[in-house]
Amino acid sequence: MILAADDLDRVSKTRAGNLDEVPFAVLLYALARAERSVTVRISRPPLAKEIVIERGIPIQCRSNLAHETLSRFMQRTGVIDDQTANECLAESISKNLRFGDVLLDRECITAEKLLKVLQQNLARKLLDGFSWQHGSYRLSEIPPEIDSA
């Protein structure tokens, strides 16, 4: 799909749409080109992702897909073992702390390594969105609270 500059401008200013008509890649490109700061929610029930974009750059992605959680991502990529992941996840839930903060407190990972893993996890979640050929999107000007690096 090749769009003219006017079409990309129109896409970047929409409030909602359909991924069948405006693919995720085109939507991200239009928002990057316009340097918009928005929250994009893409969904194809029951799946949903919420992407925070600051000046056209994705900085956070929340997802309701279990395999995209930080703990599962770190287990799958071999950064931490299953036991450590389960113990840290239980502690983060019981103490209402972020999973990464528990890892840092327990010295399971360095801050530099955690930042790298968070970036990799963000990239993985975003890449998955490119495969969504059906679904909808909605843009919100109200930025959510950012809870990651």
# chains A, B, ... in the order shown; residues from 1 in each chain; ligands from 1

$ closest_atom_pairs --of "region 112-137 of chain A" --to "region 98-102 of chain A" --cutoff "10 Å" --atoms "only C-alpha atoms" --output "JSON lines"
{"residue": "A:Leu114", "atom": "CA", "partner": "A:Gly100", "partner_atom": "CA", "distance": 7.1}
{"residue": "A:Leu115", "atom": "CA", "partner": "A:Gly100", "partner_atom": "CA", "distance": 9.3}
{"residue": "A:Val117", "atom": "CA", "partner": "A:Gly100", "partner_atom": "CA", "distance": 9.9}
{"residue": "A:Leu118", "atom": "CA", "partner": "A:Gly100", "partner_atom": "CA", "distance": 8.9}

$ select_by_dssp --residues "region 8-129 of chain A" --states "alpha helix (DSSP H)" --output "VMD selection string"
chain A and resid 8 to 13 24 to 34 70 to 76 82 to 95 99 to 105 111 to 129

$ residues_around --residues "Lys13 (chain A)" --least-positions-apart "3" --cutoff "9 Å" --atoms "only C-alpha atoms" --output "VMD selection string"
chain A and resid 8 to 10 30 to 31 34 36 139

$ select_by_dssp --residues "region 42-82 of chain A" --states "strand (DSSP E or B)" --output "VMD selection string"
chain A and resid 42 to 44 47 to 54 57 to 63

$ residues_around --residues "region 37-46 of chain A" --least-positions-apart "4" --cutoff "9 Å" --atoms "only C-alpha atoms" --output "PyMOL selection string"
chain A and resi 19+24+31+50-57+64+129+132+134-144

$ residues_around --residues "region 68-72 of chain A" --least-positions-apart "4" --cutoff "12 Å" --atoms "only C-alpha atoms" --output "tab-separated table (two decimals) with C-alpha atoms, in the first residue's frame"
chain	number	residue	atom	x	y	z
A	47	LEU	CA	-6.69	-9.40	21.96
A	48	ALA	CA	-5.64	-5.81	22.59
A	49	LYS	CA	-2.50	-3.70	22.72
A	61	CYS	CA	3.32	-1.17	24.70
A	62	ARG	CA	0.91	-2.90	27.02
A	63	SER	CA	-0.74	-6.07	25.89
A	64	ASN	CA	-3.27	-8.56	27.22
A	76	ARG	CA	11.49	-17.63	26.94
A	77	THR	CA	14.70	-15.79	26.03
A	78	GLY	CA	16.69	-17.43	28.83
A	79	VAL	CA	17.42	-14.25	30.79
A	80	ILE	CA	15.97	-15.79	33.96
A	81	ASP	CA	14.91	-19.30	34.89
A	82	ASP	CA	11.35	-20.41	35.65
A	83	GLN	CA	11.83	-20.51	39.42
A	84	THR	CA	13.24	-16.98	39.58
A	85	ALA	CA	10.49	-15.67	37.33
A	86	ASN	CA	7.76	-17.27	39.42
A	87	GLU	CA	9.22	-16.09	42.73
A	88	CYS	CA	9.75	-12.53	41.52
A	89	LEU	CA	6.32	-12.40	39.90
A	90	ALA	CA	4.67	-13.58	43.13
A	92	SER	CA	5.70	-8.19	42.62
A	98	ARG	CA	6.84	-3.74	39.10
A	99	PHE	CA	8.37	-7.05	38.10
A	100	GLY	CA	11.58	-5.36	36.94
A	101	ASP	CA	11.97	-3.57	40.25
A	102	VAL	CA	11.79	-6.88	42.09
A	103	LEU	CA	14.45	-8.32	39.79
A	114	LEU	CA	16.91	-4.80	32.32
A	115	LEU	CA	16.75	-1.75	30.05
A	116	LYS	CA	17.97	-3.86	27.13
A	117	VAL	CA	15.39	-6.57	27.86
A	118	LEU	CA	12.60	-3.98	28.16
A	119	GLN	CA	13.58	-2.57	24.76
A	120	GLN	CA	13.61	-6.05	23.22
A	121	ASN	CA	10.23	-6.87	24.73
A	122	LEU	CA	8.77	-3.60	23.41
A	123	ALA	CA	10.10	-4.38	19.94
A	124	ARG	CA	8.64	-7.89	20.06
A	125	LYS	CA	5.19	-6.61	21.09
A	126	LEU	CA	5.25	-3.99	18.34
A	127	LEU	CA	6.36	-6.48	15.70
A	128	ASP	CA	3.40	-8.71	16.55
A	129	GLY	CA	1.07	-5.83	15.66
A	148	SER	CA	8.70	1.57	32.18

$ atom_distance --atom1 "CA of Ala111 (chain A)" --atom2 "CA of Glu91 (chain A)"
18.6 Å
